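Listing of query-v1.cif; format and content: mmCIF, C-alpha atoms.
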```cif
data_upload
#
loop_
_atom_site.group_PDB
_atom_site.id
_atom_site.type_symbol
_atom_site.label_atom_id
_atom_site.label_comp_id
_atom_site.auth_asym_id
_atom_site.auth_seq_id
_atom_site.Cartn_x
_atom_site.Cartn_y
_atom_site.Cartn_z
ATOM 1 C CA MET A 28 -35.672 23.712 -25.419
ATOM 2 C CA SER A 29 -37.013 27.110 -26.446
ATOM 3 C CA MET A 30 -40.469 27.372 -27.964
ATOM 4 C CA THR A 31 -40.464 28.274 -31.659
ATOM 5 C CA VAL A 32 -43.009 28.063 -34.438
ATOM 6 C CA GLU A 33 -41.493 24.729 -35.468
ATOM 7 C CA THR A 34 -41.588 23.184 -31.985
ATOM 8 C CA ALA A 35 -45.184 24.352 -31.562
ATOM 9 C CA THR A 36 -46.366 22.774 -34.823
ATOM 10 C CA LEU A 37 -44.335 19.543 -34.681
ATOM 11 C CA PRO A 38 -46.787 17.586 -32.475
ATOM 12 C CA THR A 39 -49.641 18.326 -34.884
ATOM 13 C CA LEU A 40 -47.546 17.407 -37.911
ATOM 14 C CA LEU A 41 -46.285 14.163 -36.386
ATOM 15 C CA THR A 42 -49.781 13.173 -35.335
ATOM 16 C CA ALA A 43 -51.058 13.821 -38.858
ATOM 17 C CA LEU A 44 -48.227 11.669 -40.232
ATOM 18 C CA ARG A 45 -49.112 8.923 -37.707
ATOM 19 C CA LEU A 46 -45.717 8.880 -36.014
ATOM 20 C CA PRO A 47 -46.709 8.539 -32.335
ATOM 21 C CA THR A 48 -43.294 7.300 -31.167
ATOM 22 C CA VAL A 49 -41.464 10.223 -32.764
ATOM 23 C CA ALA A 50 -44.109 12.595 -31.390
ATOM 24 C CA ARG A 51 -43.486 11.253 -27.893
ATOM 25 C CA LEU A 52 -39.694 11.121 -27.984
ATOM 26 C CA TRP A 53 -38.490 13.990 -30.168
ATOM 27 C CA PRO A 54 -38.123 16.595 -27.358
ATOM 28 C CA GLU A 55 -35.894 14.272 -25.316
ATOM 29 C CA PHE A 56 -33.793 13.238 -28.317
ATOM 30 C CA CYS A 57 -33.443 16.782 -29.655
ATOM 31 C CA THR A 58 -32.191 17.987 -26.273
ATOM 32 C CA ARG A 59 -29.697 15.128 -26.171
ATOM 33 C CA ALA A 60 -28.623 15.787 -29.764
ATOM 34 C CA ASP A 61 -27.988 19.478 -28.966
ATOM 35 C CA LYS A 62 -25.892 18.600 -25.911
ATOM 36 C CA GLU A 63 -23.854 15.878 -27.632
ATOM 37 C CA GLY A 64 -23.557 17.557 -31.026
ATOM 38 C CA TRP A 65 -25.307 14.895 -33.075
ATOM 39 C CA PRO A 66 -25.511 15.496 -36.820
ATOM 40 C CA ALA A 67 -29.063 15.856 -38.125
ATOM 41 C CA GLU A 68 -29.003 12.504 -39.931
ATOM 42 C CA ARG A 69 -28.103 10.650 -36.701
ATOM 43 C CA LEU A 70 -31.027 12.240 -34.850
ATOM 44 C CA LEU A 71 -33.433 11.444 -37.682
ATOM 45 C CA ALA A 72 -32.200 7.858 -37.952
ATOM 46 C CA ALA A 73 -32.556 7.264 -34.197
ATOM 47 C CA LEU A 74 -36.135 8.510 -34.134
ATOM 48 C CA CYS A 75 -37.085 6.536 -37.254
ATOM 49 C CA GLU A 76 -35.595 3.322 -35.874
ATOM 50 C CA LEU A 77 -37.594 3.681 -32.650
ATOM 51 C CA GLU A 78 -40.801 4.392 -34.574
ATOM 52 C CA LEU A 79 -40.277 1.328 -36.752
ATOM 53 C CA SER A 80 -39.441 -0.890 -33.767
ATOM 54 C CA GLU A 81 -42.589 0.076 -31.864
ATOM 55 C CA ARG A 82 -44.689 -0.202 -35.025
ATOM 56 C CA GLU A 83 -43.512 -3.792 -35.494
ATOM 57 C CA GLN A 84 -44.311 -4.652 -31.886
ATOM 58 C CA ARG A 85 -47.740 -2.999 -31.814
ATOM 59 C CA PRO A 86 -49.663 -5.635 -33.841
ATOM 60 C CA HIS A 87 -48.208 -8.420 -31.687
ATOM 61 C CA SER A 88 -49.250 -6.564 -28.553
ATOM 62 C CA GLN A 89 -52.809 -6.146 -29.849
ATOM 63 C CA ARG A 90 -53.062 -9.824 -30.771
ATOM 64 C CA HIS A 91 -51.662 -10.896 -27.423
ATOM 65 C CA LEU A 92 -54.094 -8.592 -25.628
ATOM 66 C CA ALA A 93 -57.046 -10.119 -27.464
ATOM 67 C CA ALA A 94 -55.821 -13.659 -26.772
ATOM 68 C CA ALA A 95 -55.309 -12.929 -23.057
ATOM 69 C CA ARG A 96 -59.066 -12.553 -22.383
ATOM 70 C CA LEU A 97 -58.531 -9.877 -19.773
ATOM 71 C CA PRO A 98 -61.498 -7.964 -18.308
ATOM 72 C CA GLN A 99 -62.089 -4.684 -20.112
ATOM 73 C CA GLY A 100 -60.875 -1.464 -18.513
ATOM 74 C CA LYS A 101 -59.087 -3.138 -15.585
ATOM 75 C CA THR A 102 -55.788 -1.267 -15.398
ATOM 76 C CA LEU A 103 -53.487 -0.229 -12.560
ATOM 77 C CA ASP A 104 -54.355 3.421 -13.192
ATOM 78 C CA ALA A 105 -58.035 2.571 -12.648
ATOM 79 C CA PHE A 106 -57.392 0.517 -9.495
ATOM 80 C CA ASP A 107 -58.341 2.222 -6.209
ATOM 81 C CA PHE A 108 -55.319 1.439 -4.045
ATOM 82 C CA LEU A 109 -56.672 3.672 -1.269
ATOM 83 C CA ALA A 110 -59.611 1.282 -0.886
ATOM 84 C CA VAL A 111 -57.204 -1.628 -0.298
ATOM 85 C CA PRO A 112 -54.691 -0.297 2.262
ATOM 86 C CA THR A 113 -53.093 -3.740 2.648
ATOM 87 C CA LEU A 114 -51.957 -3.606 -0.985
ATOM 88 C CA SER A 115 -48.806 -1.646 -1.789
ATOM 89 C CA GLN A 116 -49.039 0.219 -5.072
ATOM 90 C CA ALA A 117 -45.254 0.557 -5.202
ATOM 91 C CA ARG A 118 -44.852 -3.190 -4.764
ATOM 92 C CA VAL A 119 -47.327 -3.994 -7.528
ATOM 93 C CA ARG A 120 -45.759 -1.539 -9.972
ATOM 94 C CA ALA A 121 -42.283 -2.850 -9.191
ATOM 95 C CA LEU A 122 -43.485 -6.343 -10.086
ATOM 96 C CA VAL A 123 -44.849 -5.370 -13.490
ATOM 97 C CA GLU A 124 -41.792 -3.270 -14.310
ATOM 98 C CA GLY A 125 -39.361 -6.094 -13.495
ATOM 99 C CA ASP A 126 -39.160 -9.537 -15.016
ATOM 100 C CA SER A 127 -36.883 -11.546 -12.726
ATOM 101 C CA TRP A 128 -39.859 -13.253 -11.070
ATOM 102 C CA LEU A 129 -41.305 -14.240 -14.444
ATOM 103 C CA GLN A 130 -37.990 -15.587 -15.654
ATOM 104 C CA ALA A 131 -37.751 -17.720 -12.506
ATOM 105 C CA GLY A 132 -41.347 -18.975 -12.694
ATOM 106 C CA HIS A 133 -42.461 -17.315 -9.450
ATOM 107 C CA ASN A 134 -46.154 -17.051 -8.626
ATOM 108 C CA LEU A 135 -48.629 -14.394 -7.472
ATOM 109 C CA LEU A 136 -51.467 -15.215 -5.065
ATOM 110 C CA ALA A 137 -54.297 -12.782 -4.232
ATOM 111 C CA PHE A 138 -56.655 -13.528 -1.324
ATOM 112 C CA GLY A 139 -59.729 -11.611 -0.258
ATOM 113 C CA PRO A 140 -63.538 -11.698 -0.070
ATOM 114 C CA PRO A 141 -65.724 -11.225 -3.165
ATOM 115 C CA GLY A 142 -65.618 -7.672 -4.466
ATOM 116 C CA SER A 143 -62.248 -6.772 -2.957
ATOM 117 C CA GLY A 144 -60.592 -6.127 -6.338
ATOM 118 C CA LYS A 145 -58.724 -9.386 -6.921
ATOM 119 C CA THR A 146 -59.907 -9.856 -10.493
ATOM 120 C CA HIS A 147 -59.214 -6.188 -11.280
ATOM 121 C CA LEU A 148 -55.685 -6.502 -9.880
ATOM 122 C CA ALA A 149 -54.991 -9.711 -11.800
ATOM 123 C CA GLY A 150 -56.290 -8.230 -15.058
ATOM 124 C CA ALA A 151 -54.264 -5.050 -14.544
ATOM 125 C CA ILE A 152 -51.048 -6.986 -13.933
ATOM 126 C CA GLY A 153 -51.732 -9.051 -17.031
ATOM 127 C CA TYR A 154 -52.320 -5.906 -19.088
ATOM 128 C CA GLU A 155 -49.066 -4.290 -17.955
ATOM 129 C CA LEU A 156 -47.062 -7.428 -18.758
ATOM 130 C CA ILE A 157 -48.531 -7.651 -22.257
ATOM 131 C CA GLN A 158 -47.502 -4.043 -22.866
ATOM 132 C CA ARG A 159 -43.967 -5.158 -22.039
ATOM 133 C CA GLY A 160 -44.012 -8.007 -24.529
ATOM 134 C CA TYR A 161 -45.055 -10.968 -22.359
ATOM 135 C CA ARG A 162 -47.767 -13.514 -23.110
ATOM 136 C CA VAL A 163 -50.636 -13.799 -20.630
ATOM 137 C CA LEU A 164 -53.812 -15.884 -20.422
ATOM 138 C CA MET A 165 -56.566 -15.212 -17.892
ATOM 139 C CA ALA A 166 -59.401 -17.665 -17.292
ATOM 140 C CA ARG A 167 -61.904 -18.662 -14.663
ATOM 141 C CA THR A 168 -60.376 -21.635 -12.927
ATOM 142 C CA SER A 169 -63.531 -23.715 -13.370
ATOM 143 C CA ASP A 170 -63.477 -23.135 -17.149
ATOM 144 C CA LEU A 171 -59.816 -24.059 -17.462
ATOM 145 C CA VAL A 172 -60.263 -27.153 -15.307
ATOM 146 C CA GLN A 173 -63.064 -28.331 -17.597
ATOM 147 C CA ARG A 174 -60.822 -27.727 -20.609
ATOM 148 C CA LEU A 175 -58.100 -29.850 -19.022
ATOM 149 C CA GLN A 176 -60.580 -32.565 -18.170
ATOM 150 C CA VAL A 177 -61.766 -32.769 -21.788
ATOM 151 C CA ALA A 178 -58.128 -33.078 -22.838
ATOM 152 C CA ARG A 179 -57.636 -35.872 -20.312
ATOM 153 C CA GLN A 180 -60.619 -37.760 -21.715
ATOM 154 C CA ASP A 181 -59.087 -37.402 -25.181
ATOM 155 C CA LEU A 182 -55.760 -38.709 -23.807
ATOM 156 C CA ALA A 183 -54.190 -35.322 -24.607
ATOM 157 C CA LEU A 184 -53.717 -33.726 -21.171
ATOM 158 C CA THR A 185 -49.935 -33.539 -21.473
ATOM 159 C CA GLN A 186 -50.202 -31.821 -24.848
ATOM 160 C CA GLU A 187 -52.842 -29.380 -23.547
ATOM 161 C CA ILE A 188 -50.657 -28.394 -20.609
ATOM 162 C CA ALA A 189 -47.717 -27.977 -22.987
ATOM 163 C CA LYS A 190 -49.806 -25.534 -25.087
ATOM 164 C CA LEU A 191 -50.199 -23.341 -22.022
ATOM 165 C CA ASP A 192 -46.410 -23.104 -21.737
ATOM 166 C CA LYS A 193 -46.402 -20.331 -24.340
ATOM 167 C CA PHE A 194 -47.926 -18.034 -21.729
ATOM 168 C CA ASP A 195 -45.434 -16.395 -19.382
ATOM 169 C CA LEU A 196 -48.231 -15.834 -16.852
ATOM 170 C CA LEU A 197 -51.346 -17.969 -16.458
ATOM 171 C CA ILE A 198 -54.030 -16.244 -14.358
ATOM 172 C CA LEU A 199 -56.495 -18.598 -12.645
ATOM 173 C CA ASP A 200 -59.375 -16.462 -11.412
ATOM 174 C CA ASP A 201 -61.776 -17.550 -8.643
ATOM 175 C CA LEU A 202 -60.026 -20.745 -7.614
ATOM 176 C CA SER A 203 -62.337 -21.119 -4.626
ATOM 177 C CA TYR A 204 -65.349 -21.816 -6.856
ATOM 178 C CA VAL A 205 -63.822 -25.092 -8.025
ATOM 179 C CA ARG A 206 -65.053 -28.055 -6.023
ATOM 180 C CA LYS A 207 -63.271 -31.324 -5.506
ATOM 181 C CA ASP A 208 -63.668 -33.956 -8.167
ATOM 182 C CA GLN A 209 -61.117 -36.717 -8.450
ATOM 183 C CA ALA A 210 -60.628 -36.315 -12.185
ATOM 184 C CA GLU A 211 -61.015 -32.571 -12.684
ATOM 185 C CA THR A 212 -59.025 -31.129 -9.809
ATOM 186 C CA SER A 213 -56.276 -33.691 -10.203
ATOM 187 C CA ALA A 214 -55.869 -32.228 -13.705
ATOM 188 C CA LEU A 215 -55.495 -28.809 -12.046
ATOM 189 C CA PHE A 216 -52.832 -30.241 -9.775
ATOM 190 C CA GLU A 217 -50.952 -31.599 -12.797
ATOM 191 C CA LEU A 218 -51.022 -28.120 -14.356
ATOM 192 C CA ILE A 219 -49.600 -26.555 -11.179
ATOM 193 C CA SER A 220 -46.910 -29.242 -10.992
ATOM 194 C CA ALA A 221 -45.973 -28.858 -14.666
ATOM 195 C CA ARG A 222 -45.444 -25.091 -14.350
ATOM 196 C CA TYR A 223 -43.594 -25.303 -11.029
ATOM 197 C CA GLU A 224 -40.374 -23.222 -11.169
ATOM 198 C CA ARG A 225 -40.724 -22.873 -14.956
ATOM 199 C CA ARG A 226 -43.773 -20.749 -15.749
ATOM 200 C CA SER A 227 -45.625 -18.326 -13.493
ATOM 201 C CA ILE A 228 -49.184 -18.682 -12.218
ATOM 202 C CA MET A 229 -51.367 -16.037 -10.610
ATOM 203 C CA ILE A 230 -54.311 -17.253 -8.538
ATOM 204 C CA THR A 231 -57.188 -15.275 -7.035
ATOM 205 C CA ALA A 232 -59.168 -16.938 -4.264
ATOM 206 C CA ASN A 233 -61.866 -16.072 -1.757
ATOM 207 C CA GLN A 234 -60.684 -18.688 0.711
ATOM 208 C CA PRO A 235 -57.357 -18.930 2.544
ATOM 209 C CA PHE A 236 -55.255 -22.073 2.251
ATOM 210 C CA SER A 237 -57.163 -23.613 5.154
ATOM 211 C CA GLY A 238 -60.240 -23.846 2.908
ATOM 212 C CA TRP A 239 -58.516 -25.535 -0.015
ATOM 213 C CA ASP A 240 -59.420 -29.015 1.182
ATOM 214 C CA ALA A 241 -62.749 -28.358 -0.566
ATOM 215 C CA ILE A 242 -60.931 -27.975 -3.895
ATOM 216 C CA PHE A 243 -58.595 -30.958 -4.162
ATOM 217 C CA PRO A 244 -59.731 -34.565 -3.709
ATOM 218 C CA ASP A 245 -57.468 -35.406 -0.781
ATOM 219 C CA ARG A 246 -55.367 -33.727 1.885
ATOM 220 C CA ALA A 247 -52.041 -34.877 0.431
ATOM 221 C CA MET A 248 -52.788 -33.297 -2.953
ATOM 222 C CA THR A 249 -53.923 -30.065 -1.264
ATOM 223 C CA ILE A 250 -50.664 -29.786 0.679
ATOM 224 C CA ALA A 251 -48.583 -30.596 -2.409
ATOM 225 C CA ALA A 252 -50.393 -27.981 -4.522
ATOM 226 C CA ILE A 253 -50.008 -25.265 -1.878
ATOM 227 C CA ASP A 254 -46.347 -26.157 -1.393
ATOM 228 C CA ARG A 255 -45.586 -25.718 -5.101
ATOM 229 C CA LEU A 256 -47.499 -22.451 -5.347
ATOM 230 C CA VAL A 257 -46.040 -20.703 -2.286
ATOM 231 C CA HIS A 258 -42.440 -21.910 -2.612
ATOM 232 C CA HIS A 259 -41.662 -18.898 -4.811
ATOM 233 C CA ALA A 260 -44.608 -16.549 -4.464
ATOM 234 C CA THR A 261 -45.736 -13.026 -3.738
ATOM 235 C CA ILE A 262 -48.954 -13.003 -1.722
ATOM 236 C CA PHE A 263 -51.449 -10.129 -1.767
ATOM 237 C CA GLU A 264 -53.795 -9.944 1.217
ATOM 238 C CA MET A 265 -56.905 -7.991 0.179
ATOM 239 C CA ASN A 266 -59.206 -8.502 3.141
ATOM 240 C CA VAL A 267 -61.360 -5.410 2.720
ATOM 241 C CA GLU A 268 -65.067 -4.791 2.376
ATOM 242 C CA SER A 269 -66.556 -5.554 -1.026
ATOM 243 C CA TYR A 270 -66.168 -2.666 -3.454
ATOM 244 C CA ARG A 271 -69.563 -3.494 -4.957
ATOM 245 C CA ARG A 272 -71.155 -3.451 -1.499
ATOM 246 C CA ARG A 273 -69.520 -0.121 -0.688
ATOM 247 C CA ALA A 274 -70.670 1.349 -4.010
ATOM 248 C CA ALA A 275 -74.217 0.091 -3.438
ATOM 249 C CA TYR A 276 -74.235 1.526 0.097
ATOM 250 C CA ALA A 277 -72.928 4.873 -1.141
ATOM 251 C CA ALA A 278 -75.617 4.975 -3.838
ATOM 252 C CA ALA A 279 -78.340 4.066 -1.332
ATOM 253 C CA THR A 280 -77.076 6.706 1.128
ATOM 254 C CA SER A 281 -77.056 9.346 -1.592
ATOM 255 C CA LEU A 282 -80.623 8.452 -2.580
ATOM 256 C CA SER A 283 -81.723 8.577 1.058
ATOM 257 C CA ASP A 284 -80.162 12.035 1.464
ATOM 258 C CA ILE A 285 -82.021 13.273 -1.602
ATOM 259 C CA GLU A 286 -85.323 11.948 -0.240
ATOM 260 C CA ASP A 287 -84.630 13.514 3.177
ATOM 261 C CA ASP A 288 -83.965 16.870 1.536
ATOM 262 C CA ARG A 289 -87.185 16.541 -0.429
ATOM 263 C CA ASP A 290 -89.132 15.718 2.749
ATOM 264 C CA LYS A 291 -87.634 18.741 4.502
ATOM 265 C CA GLN A 292 -88.479 21.027 1.623
ATOM 266 C CA GLN A 293 -92.145 19.916 1.481
ATOM 267 C CA PRO A 294 -93.231 21.404 4.871
ATOM 268 C CA GLU A 295 -91.407 24.620 3.990
ATOM 269 C CA LYS A 296 -93.398 24.862 0.769
ATOM 270 C CA GLU A 297 -96.653 24.214 2.648
ATOM 271 C CA ILE A 298 -95.847 26.958 5.186
ATOM 272 C CA ALA A 299 -95.003 29.372 2.404
ATOM 273 C CA THR A 300 -98.292 28.567 0.628
ATOM 274 C CA ALA A 301 -100.257 29.093 3.855
ATOM 275 C CA LYS A 302 -98.609 32.476 4.357
ATOM 276 C CA ASP A 303 -99.476 33.501 0.811
ATOM 277 C CA ASN A 304 -103.135 32.593 1.376
ATOM 278 C CA SER A 305 -103.340 34.638 4.595
ATOM 279 C CA ARG A 306 -101.629 37.728 3.179
ATOM 280 C CA PRO A 307 -103.876 40.910 3.094
ATOM 281 C CA ALA A 308 -105.278 42.082 -0.213
ATOM 282 C CA THR A 309 -103.122 44.454 -2.219
ATOM 283 C CA LEU A 310 -104.010 48.145 -2.643
ATOM 284 C CA SER A 311 -105.206 47.584 -6.190
ATOM 285 C CA SER A 312 -107.608 44.839 -5.160
ATOM 286 C CA GLU A 313 -108.997 47.079 -2.413
ATOM 287 C CA ILE A 314 -109.654 49.888 -4.877
ATOM 288 C CA GLU A 315 -111.470 47.474 -7.183
ATOM 289 C CA THR A 316 -113.814 46.457 -4.377
#
```
Since I need it in another form, could you write the structure as structure tokens?
Amino acid sequence: MSMTVETATLPTLLTALRLPTVARLWPEFCTRADKEGWPAERLLAALCELELSEREQRPHSQRHLAAARLPQGKTLDAFDFLAVPTLSQARVRALVEGDSWLQAGHNLLAFGPPGSGKTHLAGAIGYELIQRGYRVLMARTSDLVQRLQVARQDLALTQEIAKLDKFDLLILDDLSYVRKDQAETSALFELISARYERRSIMITANQPFSGWDAIFPDRAMTIAAIDRLVHHATIFEMNVESYRRRAAYAAATSLSDIEDDRDKQQPEKEIATAKDNSRPATLSSEIET
């Protein structure tokens, strides 16, 4: 498409009219309309329909984003994939761009030490899915377990679990911080069982499966929970050094370098001062004497 006065001013005009979808898509649609010989009214109608469709979806997306309780600013674009070489960026992006795993109720499991980016990854996946129209809820596992336990005490556990069915993906963050309690973690097991092959769960955990005996009240329940989670699952191994520890080390190293430079500069200043003090008097000072 050749650049004219009209094509140069259109983005500004469309922005002023608050038509972001038209502003984004008009070059592509105009090129297509020129090639296929669309009449002007067909082009205008197509762009208006897309603007209206996205405008209707936008409020829902904002409400769903607020309800999801995702961590702020944790997106895939902000995730440092280079710092986690065991994690394939292409694989992660393929997951969020497809929906077959969600439709089948498959799960996502992320393992790694504290600070390896598990919560960031989970929040970023949740964010991308919401942008594509899915419902997501993210919660610390301990908080959700307590919520289920309260429901159990009120004889409403089944209804509480059913309420969570409206979420296509339920993200349980920091599973490893839950400790075995006959009532509470059995409620967690019932949630896992209820969503099995129907609704997806994503879990982040510091401990591998071998450490899950500390979470569920008995070995049989541990095995049954793991079996249901991994039967249809994608597992992310994120066994890298803590990002927070690396950032703290980098900051400390930078500060140490600055102090070293300062220490090196101090003797140089002292030498320069000594030289100035020993320098012979200038001609003018000699004349004065």
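Minimum distance to A:Phe138 across A:Leu171, A:Leu40, A:Cys57, A:Leu202 (counting only C-alpha atoms) occurs at A:Leu202.
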Evaluate the PyMOL selection byres ((chain A and resi 174) around 12) on the structure here and hand back the selected residues as a VMD selection string. chain A and resid 166 to 173 175 to 181 183 to 184 187 to 188 191 211 to 212 214 to 215 218
Distance in Å - atom CA of A:Leu97 versus atom CA of A:Val119: 17.6 Å
Got a sec: who's within 12 Å of A:His87, counting only C-alpha atoms, leaving out chain neighbours fewer than 4 positions off, as a PDB file with C-alpha atoms, in the frame of the given file?
```pdb
ATOM      1  CA  SER A  80     -39.441  -0.890 -33.767  1.00  0.00           C
ATOM      2  CA  GLU A  81     -42.589   0.076 -31.864  1.00  0.00           C
ATOM      3  CA  ARG A  82     -44.689  -0.202 -35.025  1.00  0.00           C
ATOM      4  CA  GLU A  83     -43.512  -3.792 -35.494  1.00  0.00           C
ATOM      5  CA  HIS A  91     -51.662 -10.896 -27.423  1.00  0.00           C
ATOM      6  CA  LEU A  92     -54.094  -8.592 -25.628  1.00  0.00           C
ATOM      7  CA  ALA A  93     -57.046 -10.119 -27.464  1.00  0.00           C
ATOM      8  CA  ALA A  94     -55.821 -13.659 -26.772  1.00  0.00           C
ATOM      9  CA  ILE A 157     -48.531  -7.651 -22.257  1.00  0.00           C
ATOM     10  CA  GLN A 158     -47.502  -4.043 -22.866  1.00  0.00           C
ATOM     11  CA  ARG A 159     -43.967  -5.158 -22.039  1.00  0.00           C
ATOM     12  CA  GLY A 160     -44.012  -8.007 -24.529  1.00  0.00           C
ATOM     13  CA  TYR A 161     -45.055 -10.968 -22.359  1.00  0.00           C
ATOM     14  CA  ARG A 162     -47.767 -13.514 -23.110  1.00  0.00           C
TER      15      ARG A 162
END
```
Selection result of the PyMOL selection byres ((chain A and resi 154-156) around 12) on this file, as a ChimeraX atom specification: /A:88-89,91-104,119-126,129,147-153,157-165,194-198
Just the number, please: distance in Å from atom CA of A:Ala221 to atom CA of A:Ala137, one decimal. 20.9 Å
Pick the closest to A:Ala247 from A:Glu55, A:Val49, A:Ala67, A:Ser213: which is it, counting all atoms listed in the file? A:Ser213
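Atom pair atom CA of A:Asp240 / atom CA of A:Thr185 has a distance of 25.0 Å (rounded to one decimal).
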Closest to A:Tyr223 among A:Leu44, A:Met248, A:Leu109, A:Ile253, using only C-alpha atoms? A:Ile253
Using only C-alpha atoms, which of the listed residues (A:Val32, A:Ile250, A:Ala260, A:Cys75) sits closest to A:Trp53? A:Cys75
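With only C-alpha atoms as the atoms that count, the minimum distance from A:Glu268 to the choices A:Ile219, A:Pro140, A:Arg225, A:Lys145 is reached by A:Pro140.
Among A:Pro112, A:Pro235, A:Thr48, A:Arg90, the residue with the shortest atom-to-atom distance to A:Ala73, counting all atoms listed in the file, is A:Thr48.
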Given the PyMOL selection byres ((chain A and resi 238) around 12) and the file above, list the residues it selects as a PDB file with C-alpha atoms, in the frame of the given file.
```
ATOM      1  CA  PHE A 138     -56.655 -13.528  -1.324  1.00  0.00           C
ATOM      2  CA  LEU A 202     -60.026 -20.745  -7.614  1.00  0.00           C
ATOM      3  CA  SER A 203     -62.337 -21.119  -4.626  1.00  0.00           C
ATOM      4  CA  TYR A 204     -65.349 -21.816  -6.856  1.00  0.00           C
ATOM      5  CA  VAL A 205     -63.822 -25.092  -8.025  1.00  0.00           C
ATOM      6  CA  ARG A 206     -65.053 -28.055  -6.023  1.00  0.00           C
ATOM      7  CA  LYS A 207     -63.271 -31.324  -5.506  1.00  0.00           C
ATOM      8  CA  ALA A 232     -59.168 -16.938  -4.264  1.00  0.00           C
ATOM      9  CA  ASN A 233     -61.866 -16.072  -1.757  1.00  0.00           C
ATOM     10  CA  GLN A 234     -60.684 -18.688   0.711  1.00  0.00           C
ATOM     11  CA  PRO A 235     -57.357 -18.930   2.544  1.00  0.00           C
ATOM     12  CA  PHE A 236     -55.255 -22.073   2.251  1.00  0.00           C
ATOM     13  CA  SER A 237     -57.163 -23.613   5.154  1.00  0.00           C
ATOM     14  CA  TRP A 239     -58.516 -25.535  -0.015  1.00  0.00           C
ATOM     15  CA  ASP A 240     -59.420 -29.015   1.182  1.00  0.00           C
ATOM     16  CA  ALA A 241     -62.749 -28.358  -0.566  1.00  0.00           C
ATOM     17  CA  ILE A 242     -60.931 -27.975  -3.895  1.00  0.00           C
ATOM     18  CA  PHE A 243     -58.595 -30.958  -4.162  1.00  0.00           C
ATOM     19  CA  ARG A 246     -55.367 -33.727   1.885  1.00  0.00           C
ATOM     20  CA  THR A 249     -53.923 -30.065  -1.264  1.00  0.00           C
ATOM     21  CA  ILE A 250     -50.664 -29.786   0.679  1.00  0.00           C
ATOM     22  CA  ILE A 253     -50.008 -25.265  -1.878  1.00  0.00           C
TER      23      ILE A 253
END
```
Counting all atoms listed in the file, write as a PDB file with C-alpha atoms, in the frame of the given file all protein and nucleic acid residues lying at most 7 Å from (-58.4, -7.9, 0.2) in the file's frame.
```
ATOM      1  CA  VAL A 111     -57.204  -1.628  -0.298  1.00  0.00           C
ATOM      2  CA  PHE A 138     -56.655 -13.528  -1.324  1.00  0.00           C
ATOM      3  CA  GLY A 139     -59.729 -11.611  -0.258  1.00  0.00           C
ATOM      4  CA  PRO A 140     -63.538 -11.698  -0.070  1.00  0.00           C
ATOM      5  CA  SER A 143     -62.248  -6.772  -2.957  1.00  0.00           C
ATOM      6  CA  GLU A 264     -53.795  -9.944   1.217  1.00  0.00           C
ATOM      7  CA  MET A 265     -56.905  -7.991   0.179  1.00  0.00           C
ATOM      8  CA  ASN A 266     -59.206  -8.502   3.141  1.00  0.00           C
ATOM      9  CA  VAL A 267     -61.360  -5.410   2.720  1.00  0.00           C
TER      10      VAL A 267
END
```
Around all of stretch 224-235 of chain A's listed atoms, make the axis-aligned box with 3 Å on each side and tell me centre and edge lengths in Å to one decimal, as lines of an AutoDock Vina configuration file.
```
center_x = -51.1
center_y = -19.2
center_z = -6.6
size_x = 27.5
size_y = 13.9
size_z = 24.3
```
